Structures are given as C-alpha cells and as structure tokens.
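Printed here is upload18.cif (mmCIF, C-alpha atoms):
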data_input
#
loop_
_atom_site.label_atom_id
_atom_site.label_comp_id
_atom_site.auth_asym_id
_atom_site.auth_seq_id
_atom_site.Cartn_x
_atom_site.Cartn_y
_atom_site.Cartn_z
CA MET D 62 -33.09 -48.87 1.02
CA LEU D 63 -36.80 -48.23 0.31
CA ARG D 64 -37.05 -46.18 3.55
CA PHE D 65 -34.06 -44.05 2.51
CA LEU D 66 -35.59 -43.47 -0.95
CA ALA D 67 -38.92 -42.40 0.58
CA ILE D 68 -37.20 -39.90 2.89
CA PHE D 69 -35.16 -38.54 -0.03
CA LEU D 70 -38.26 -38.04 -2.19
CA LEU D 71 -40.14 -36.33 0.63
CA SER D 72 -37.19 -34.02 1.30
CA THR D 73 -36.88 -33.15 -2.38
CA GLY D 74 -40.60 -32.34 -2.54
CA ALA D 75 -40.36 -30.08 0.52
CA ILE D 76 -37.45 -28.17 -0.96
CA SER D 77 -39.23 -27.45 -4.26
CA ALA D 78 -42.68 -26.64 -2.79
CA GLN D 79 -44.09 -23.31 -1.65
CA VAL D 80 -44.38 -22.86 2.12
CA GLY D 81 -47.28 -21.04 3.71
CA ILE D 82 -47.50 -19.92 7.33
CA GLY D 83 -50.94 -18.65 8.24
CA THR D 84 -52.30 -19.61 4.83
CA PRO D 85 -53.05 -23.01 3.27
CA ASN D 86 -52.62 -21.64 -0.26
CA PRO D 87 -49.29 -19.83 -0.70
CA SER D 88 -48.80 -18.10 -4.03
CA PRO D 89 -47.07 -20.22 -6.69
CA SER D 90 -44.59 -17.35 -7.10
CA ALA D 91 -43.56 -17.40 -3.42
CA ILE D 92 -41.14 -19.83 -1.81
CA LEU D 93 -42.39 -18.58 1.59
CA GLN D 94 -45.59 -16.66 2.30
CA LEU D 95 -46.56 -15.37 5.75
CA GLU D 96 -50.10 -14.31 6.62
CA SER D 97 -51.34 -12.89 9.94
CA ILE D 98 -53.61 -10.17 11.28
CA ASP D 99 -52.18 -10.12 14.82
CA LYS D 100 -48.53 -11.21 14.56
CA THR D 101 -45.40 -9.78 12.97
CA PHE D 102 -42.37 -11.06 11.11
CA VAL D 103 -39.22 -10.49 13.20
CA PRO D 104 -35.86 -10.79 11.42
CA PRO D 105 -32.58 -11.46 13.26
CA ARG D 106 -31.82 -8.69 15.77
CA MET D 107 -28.25 -7.67 16.52
CA THR D 108 -25.98 -4.72 17.30
CA ASN D 109 -24.10 -2.80 14.63
CA ALA D 110 -20.84 -4.48 15.66
CA GLN D 111 -22.41 -7.92 15.35
CA MET D 112 -23.83 -7.03 11.93
CA LEU D 113 -20.43 -5.90 10.66
CA ALA D 114 -18.86 -9.12 11.98
CA ILE D 115 -21.09 -11.41 9.85
CA PRO D 116 -18.69 -13.31 7.55
CA SER D 117 -19.37 -12.83 3.81
CA PRO D 118 -23.10 -11.92 3.99
CA ILE D 119 -24.87 -12.37 0.64
CA ASN D 120 -26.66 -9.45 -1.01
CA GLY D 121 -30.28 -9.35 0.12
CA SER D 122 -29.52 -10.38 3.72
CA MET D 123 -31.68 -8.48 6.23
CA ILE D 124 -31.32 -7.74 9.94
CA TYR D 125 -32.75 -5.37 12.51
CA ASN D 126 -29.88 -3.21 13.79
CA THR D 127 -30.51 -2.58 17.50
CA THR D 128 -27.75 0.03 17.69
CA HIS D 129 -29.49 2.29 15.17
CA ASN D 130 -33.04 0.98 15.64
CA ALA D 131 -33.47 0.37 11.91
CA MET D 132 -33.75 -2.38 9.35
CA PHE D 133 -30.59 -2.96 7.31
CA VAL D 134 -30.20 -4.83 4.01
CA ARG D 135 -26.97 -6.04 2.45
CA THR D 136 -26.27 -4.62 -1.02
CA SER D 137 -23.29 -4.37 -3.36
CA ASN D 138 -22.51 -1.10 -1.53
CA GLY D 139 -22.43 -2.83 1.85
CA TRP D 140 -25.03 -2.74 4.64
CA LYS D 141 -27.72 -0.12 3.95
CA ASN D 142 -30.33 1.38 6.23
CA PHE D 143 -33.77 0.84 4.65
CA PHE D 144 -34.44 4.57 4.97
CA GLU D 145 -31.34 5.56 3.01
CA THR D 146 -31.67 5.21 -0.77
CA SER D 147 -28.44 6.79 -2.05
CA ASN D 148 -24.89 5.45 -1.94
CA ALA D 149 -23.49 5.07 1.56
CA SER D 150 -22.03 8.41 2.63
CA VAL D 151 -20.86 10.54 5.51
CA VAL D 152 -20.81 14.35 5.51
CA LEU D 153 -19.17 16.49 8.18
CA ASN D 154 -19.86 20.22 8.09
CA ARG D 155 -18.98 23.03 10.47
CA VAL D 156 -19.71 26.75 10.20
CA PHE D 157 -17.59 28.94 12.46
CA ALA D 158 -18.36 32.09 14.41
CA ALA D 159 -16.44 35.26 13.59
CA GLY D 160 -12.99 35.83 15.04
CA ASN D 161 -12.34 32.18 15.85
CA GLY D 162 -8.65 31.84 14.89
CA GLN D 163 -9.23 28.15 14.09
CA VAL D 164 -7.09 27.85 10.96
CA SER D 165 -3.55 26.71 11.70
CA THR D 166 -1.01 28.24 9.30
CA THR D 167 2.39 26.80 10.23
CA ASN D 168 4.18 26.66 6.91
CA ASN D 169 3.97 23.28 5.12
CA ASN D 170 2.27 21.66 8.13
CA TYR D 171 -0.61 19.23 7.44
CA THR D 172 -3.48 19.76 9.90
CA ASN D 173 -6.64 17.64 10.20
CA PHE D 174 -9.92 19.27 9.21
CA PRO D 175 -11.51 20.50 12.49
CA VAL D 176 -14.73 18.51 12.03
CA ALA D 177 -15.75 15.66 14.34
CA ALA D 178 -18.68 13.37 15.13
CA SER D 179 -20.71 16.29 16.50
CA ASP D 180 -20.48 17.93 13.04
CA ALA D 181 -22.00 14.98 11.13
CA ALA D 182 -24.75 16.24 8.81
CA THR D 183 -25.36 12.68 7.60
CA ILE D 184 -23.73 9.32 8.20
CA ASP D 185 -24.35 5.74 7.12
CA ASN D 186 -23.38 4.02 10.35
CA GLY D 187 -23.17 0.63 8.68
CA ILE D 188 -20.13 1.78 6.70
CA TYR D 189 -18.51 4.69 8.54
CA SER D 190 -17.34 5.60 12.03
CA ILE D 191 -15.86 8.99 12.89
CA THR D 192 -12.74 8.45 14.98
CA GLY D 193 -11.38 11.98 15.32
CA ASN D 194 -11.07 15.40 13.69
CA GLY D 195 -11.28 14.92 9.92
CA LYS D 196 -10.82 11.18 10.44
CA VAL D 197 -13.23 8.44 9.29
CA LYS D 198 -12.90 4.64 9.45
CA VAL D 199 -14.59 2.56 6.74
CA SER D 200 -15.90 -0.95 7.38
CA GLU D 201 -16.15 -2.19 3.77
CA ASN D 202 -13.77 -2.77 0.87
CA GLY D 203 -14.60 -0.48 -2.03
CA ILE D 204 -14.03 2.62 -4.10
CA TYR D 205 -14.69 5.82 -2.16
CA MET D 206 -15.00 9.39 -3.38
CA ILE D 207 -13.68 11.96 -0.92
CA THR D 208 -14.63 15.63 -1.11
CA GLY D 209 -13.35 18.49 0.98
CA SER D 210 -13.56 22.27 1.19
CA PHE D 211 -12.63 25.03 3.59
CA SER D 212 -12.60 28.80 3.63
CA VAL D 213 -11.25 31.63 5.75
CA THR D 214 -12.69 35.10 6.25
CA ASN D 215 -9.44 37.06 6.49
CA MET D 216 -6.89 35.72 3.99
CA PRO D 217 -4.06 38.30 3.86
CA ALA D 218 -2.86 39.97 0.71
CA GLY D 219 0.01 38.30 -1.13
CA VAL D 220 0.90 34.77 -2.20
CA ARG D 221 -0.10 31.89 0.08
CA LYS D 222 0.43 28.16 -0.57
CA TYR D 223 -2.54 25.90 0.14
CA ILE D 224 -3.28 22.14 0.00
CA ILE D 225 -6.20 19.84 0.77
CA ALA D 226 -4.86 16.29 1.08
CA ILE D 227 -6.06 12.76 1.75
CA TYR D 228 -4.25 10.47 4.18
CA GLN D 229 -4.99 6.74 4.29
CA ASN D 230 -3.80 4.79 7.34
CA GLY D 231 -1.41 7.63 8.15
CA ASN D 232 0.06 7.92 4.63
CA LEU D 233 -0.42 10.76 2.15
CA VAL D 234 -2.19 9.27 -0.90
CA GLY D 235 -3.49 12.21 -2.90
CA TYR D 236 -4.66 15.81 -3.16
CA LEU D 237 -8.13 17.26 -3.45
CA SER D 238 -6.63 20.62 -4.37
CA ARG D 239 -3.35 22.48 -4.11
CA GLY D 240 -1.79 25.65 -5.44
CA THR D 241 -1.17 29.25 -4.44
CA ALA D 242 -3.65 32.01 -3.65
CA ASN D 243 -2.66 35.54 -4.64
CA LEU D 244 -4.89 38.24 -3.15
CA GLU D 245 -4.49 41.99 -3.65
CA SER D 246 -5.99 42.74 -0.24
CA THR D 247 -7.31 40.88 2.81
CA ASP D 248 -10.46 39.06 1.79
CA GLU D 249 -12.52 35.89 2.17
CA TRP D 250 -10.95 32.91 0.38
CA GLY D 251 -11.54 29.17 0.03
CA SER D 252 -10.71 26.00 -1.88
CA SER D 253 -12.37 22.64 -2.60
CA GLY D 254 -11.82 19.42 -4.52
CA SER D 255 -12.56 15.70 -4.82
CA LEU D 256 -10.70 12.45 -5.42
CA SER D 257 -11.60 8.74 -5.56
CA ILE D 258 -9.47 6.08 -3.85
CA SER D 259 -9.60 2.35 -3.22
CA ALA D 260 -9.90 1.37 0.44
CA LEU D 261 -10.09 -1.83 2.47
CA ALA D 262 -12.24 -2.62 5.48
CA ASN D 263 -10.91 -0.86 8.61
CA ASP D 264 -8.88 1.67 6.64
CA VAL D 265 -8.80 5.14 8.20
CA ILE D 266 -9.21 8.10 5.85
CA GLU D 267 -8.21 11.60 6.92
CA VAL D 268 -8.66 14.96 5.22
CA LYS D 269 -5.96 17.51 6.05
CA TYR D 270 -5.07 21.03 4.94
CA VAL D 271 -2.03 23.24 4.57
CA LEU D 272 -2.28 27.04 4.49
CA ASN D 273 1.03 28.87 4.77
CA ASN D 274 0.86 32.11 6.74
CA ASN D 275 4.02 31.85 8.84
CA GLY D 276 2.05 30.53 11.82
CA ALA D 277 -0.31 33.50 12.23
CA ALA D 278 -3.74 31.87 12.73
CA LEU D 279 -6.63 32.83 10.45
CA ASP D 280 -10.39 32.78 11.01
CA ALA D 281 -12.29 29.80 9.59
CA ARG D 282 -15.62 30.32 7.85
CA ILE D 283 -16.51 26.71 6.93
CA PHE D 284 -14.93 23.26 6.89
CA ASN D 285 -16.69 20.49 5.02
CA MET D 286 -15.70 16.90 4.14
CA GLY D 287 -17.63 14.01 2.68
CA ILE D 288 -17.02 10.37 1.74
CA THR D 289 -19.26 8.35 -0.59
CA LYS D 290 -18.90 4.64 -1.37
CA LEU D 291 -19.13 4.32 -5.15
CA LYS D 292 -18.91 0.53 -5.33
#
The structure given in the file should be rewritten as structure tokens.
Amino acid sequence: MLRFLAIFLLSTGAISAQVGIGTPNPSPSAILQLESIDKTFVPPRMTNAQMLAIPSPINGSMIYNTTHNAMFVRTSNGWKNFFETSNASVVLNRVFAAGNGQVSTTNNNYTNFPVAASDAATIDNGIYSITGNGKVKVSENGIYMITGSFSVTNMPAGVRKYIIAIYQNGNLVGYLSRGTANLESTDEWGSSGSLSISALANDVIEVKYVLNNNGAALDARIFNMGITKLK
C-alpha cells in the first residue's frame, strides 16, 4: 500500500511539473521547454492522406505534411498550412485565347465550368482536391462560400437565358446568378455571383453554367470559381 502511494505521488508530481530537455531550468510558464544549439524539434511526419485520416484531431495539433512539404496545424477551419493565414480556399481561374469556341450553348443544358487542377491559382490542399472540370471535393464538414463568374467575347444580340448553378453530390442546390441578357448588338458579356452552403466531408461541389444560344458555341473570355471555408 505504501509503495503504491509513493508511486502515485511521484506520478502526480511529474504531471504537474515543468519538463526541460536541454535545460535544467524550464520556465515556470512552460509545461515543456526544449533547448539546443545543434538539434531540431521534429513533429510527426505523414502524408496528406494520413493527416486527413486522423480521427477527431484537437485544435492545435501539428504535423509535418510530407505531401506538401509544409507544417500544418489543426484549427476550427480544419488543417491549415502554416504559410496560409486566411480561411481555407481554392481558386480556379482560366483566361482564354480569342476564337476558342469553348462556351457550350445547348438550350437549358448545365455544363461544368471548364477549369481544372491546372487552372488552380491557389488551393489549400488540406481541405480541397480538384477532381474534374469545375468540380472540387472537400475534406471537412463546414460552411462554404462558393463564387463563380464567366464571360464571353461575342454574345449575340437579343435575349439569352443564363444561369450559374451549384451542384452538390450531383444534385442542384442553388444558383449564383440567373436571368436573361438582352443585348442590342454582339458584344462582350458576363455574369457572376456567390452563395454559401453547408457541406460534409467528402462532398463534391460543382459549378455549372447555362447559356442558351441554340447550340451555337460562343468564345469564352474568362471562367473563374472559388470556394472558401467560412467555419
């Protein structure tokens, strides 16, 4: 009984004391203090897939992501690269050459934005993966704001229906913008919008457009889509 009590008291003292490695006098404010002039502190090292598979990591958890060669910390917005200070986001942007005929105009047909992984201007790889044209998979539950815009250089005169829509796991869930354009003569034209949605881990978000022109293709100027995790 006395032996058990002694072990218990020693264990309790160890738990409440400061620990110093490389120093005999750790700061009273530090639970753990490391000191060295020729050695480094190495946190757990793992791939991005292994990081995302950690069950219920607490905020403040840190790892070295070997896929992206960067330190990541867990926050209320998911895993964050140390070098990224804003909310986790992905932006895909593509500027087209003249005379490209890239805008599909089959009436009332929803077509994915023609932007892919090669068009990523920025991406938080801990949260997003680009799985196809205008298609992004999220790895965290949360509220996401989706933005989208596109323009054409040769919109014909007359009334043309347009839509920018969000699909989630293959289902239409909302519109960034929709209406009719009414031009007096052929001219450059575009539309943009934003919408916030709730998404679960592994949900796939797609941004699609409709531009009715009876199937006669038009020339794209820009296509841009972005997703930001709000919380």
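Nearest residue to Leu95 (chain D) among D:Asn273, D:Gln163, D:Asn194, D:Gln79 is D:Gln79, counting all atoms listed in the file.
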Take the PyMOL selection byres ((chain D and resi 257) around 9), run it mentally on this structure, and tell me the resulting residues as a PyMOL selection string. chain D and resi 204-208+255-256+258-259+291
For the residues in that selection, give me C-alpha atoms as a JSON list (two decimals), in the frame of the given file.
[["chain", "number", "residue", "atom", "x", "y", "z"],
["D", 204, "ILE", "CA", -14.03, 2.62, -4.10],
["D", 205, "TYR", "CA", -14.69, 5.82, -2.16],
["D", 206, "MET", "CA", -15.00, 9.39, -3.38],
["D", 207, "ILE", "CA", -13.68, 11.96, -0.92],
["D", 208, "THR", "CA", -14.63, 15.63, -1.11],
["D", 255, "SER", "CA", -12.56, 15.70, -4.82],
["D", 256, "LEU", "CA", -10.70, 12.45, -5.42],
["D", 258, "ILE", "CA", -9.47, 6.08, -3.85],
["D", 259, "SER", "CA", -9.60, 2.35, -3.22],
["D", 291, "LEU", "CA", -19.13, 4.32, -5.15]]
Mind pulling up the distance from CA of Val197 (chain D) to CA of Tyr171 (chain D)? 16.7 Å
On this structure, which residues satisfy the PyMOL selection byres ((chain D and resi 195) around 7), written as JSON, numbers by chain? {"D": [173, 174, 175, 176, 177, 193, 194, 196, 197, 267, 268]}
Near-Glu201 (chain D) list (10 Å; all atoms listed in the file; drop same-chain fewer than 6 positions) as a list in words: Leu113, Asn138, Gly139, Trp140, Gly187, Ile188, Tyr189, Ala260, Leu261, Ala262, Asn263, Asp264, Lys290 and Lys292 of chain D
To test the calculation: enclose all listed atoms of region 154-168 of chain D in a box whose edges run along x, y and z, add 8 Å on each side, then state centre and edge lengths in Å to one decimal, as JSON.
{"center_x": -7.8, "center_y": 28.0, "center_z": 11.4, "size_x": 40.0, "size_y": 31.6, "size_z": 24.9}
Since the input has fewer atoms than a full residue there, write region 188-212 of chain D out with N, CA and C atoms, as a short mmCIF file (atom, residue, chain, number, x, y, z; two decimals), in the frame of the given file.
data_model
loop_
_atom_site.label_atom_id
_atom_site.label_comp_id
_atom_site.auth_asym_id
_atom_site.auth_seq_id
_atom_site.Cartn_x
_atom_site.Cartn_y
_atom_site.Cartn_z
N ILE D 188 -21.38 1.72 7.48
CA ILE D 188 -20.13 1.78 6.70
C ILE D 188 -19.07 2.62 7.40
N TYR D 189 -19.48 3.71 8.05
CA TYR D 189 -18.51 4.69 8.54
C TYR D 189 -18.58 4.85 10.06
N SER D 190 -17.41 5.15 10.64
CA SER D 190 -17.34 5.60 12.03
C SER D 190 -16.34 6.74 12.09
N ILE D 191 -16.71 7.81 12.78
CA ILE D 191 -15.86 8.99 12.89
C ILE D 191 -14.98 8.81 14.12
N THR D 192 -13.66 8.79 13.90
CA THR D 192 -12.74 8.45 14.98
C THR D 192 -11.92 9.63 15.48
N GLY D 193 -12.12 10.81 14.89
CA GLY D 193 -11.38 11.98 15.32
C GLY D 193 -11.59 13.12 14.36
N ASN D 194 -10.94 14.26 14.59
CA ASN D 194 -11.07 15.40 13.69
C ASN D 194 -10.65 15.03 12.27
N GLY D 195 -11.57 15.20 11.32
CA GLY D 195 -11.28 14.92 9.92
C GLY D 195 -10.88 13.50 9.65
N LYS D 196 -11.30 12.57 10.51
CA LYS D 196 -10.82 11.18 10.44
C LYS D 196 -12.01 10.22 10.46
N VAL D 197 -12.10 9.37 9.43
CA VAL D 197 -13.23 8.44 9.29
C VAL D 197 -12.70 7.04 8.99
N LYS D 198 -13.24 6.05 9.68
CA LYS D 198 -12.90 4.64 9.45
C LYS D 198 -14.00 4.00 8.62
N VAL D 199 -13.61 3.25 7.58
CA VAL D 199 -14.59 2.56 6.74
C VAL D 199 -14.60 1.08 7.09
N SER D 200 -15.76 0.45 6.98
CA SER D 200 -15.90 -0.95 7.38
C SER D 200 -16.01 -1.90 6.19
N GLU D 201 -15.98 -1.36 4.96
CA GLU D 201 -16.15 -2.19 3.77
C GLU D 201 -15.06 -1.92 2.75
N ASN D 202 -14.62 -2.97 2.03
CA ASN D 202 -13.77 -2.77 0.87
C ASN D 202 -14.55 -2.00 -0.19
N GLY D 203 -13.88 -1.17 -0.96
CA GLY D 203 -14.60 -0.48 -2.03
C GLY D 203 -13.85 0.69 -2.60
N ILE D 204 -14.53 1.37 -3.53
CA ILE D 204 -14.03 2.62 -4.10
C ILE D 204 -14.79 3.76 -3.46
N TYR D 205 -14.07 4.71 -2.89
CA TYR D 205 -14.69 5.82 -2.16
C TYR D 205 -14.29 7.16 -2.79
N MET D 206 -15.27 8.03 -2.93
CA MET D 206 -15.00 9.39 -3.38
C MET D 206 -14.95 10.30 -2.17
N ILE D 207 -13.86 11.04 -2.04
CA ILE D 207 -13.68 11.96 -0.92
C ILE D 207 -13.77 13.39 -1.45
N THR D 208 -14.54 14.21 -0.77
CA THR D 208 -14.63 15.63 -1.11
C THR D 208 -14.24 16.45 0.11
N GLY D 209 -13.73 17.63 -0.13
CA GLY D 209 -13.35 18.49 0.98
C GLY D 209 -13.31 19.95 0.55
N SER D 210 -13.64 20.83 1.47
CA SER D 210 -13.56 22.27 1.19
C SER D 210 -13.38 23.01 2.50
N PHE D 211 -12.72 24.15 2.42
CA PHE D 211 -12.63 25.03 3.59
C PHE D 211 -12.44 26.46 3.11
N SER D 212 -12.79 27.39 3.97
CA SER D 212 -12.60 28.80 3.63
C SER D 212 -12.25 29.59 4.88
#
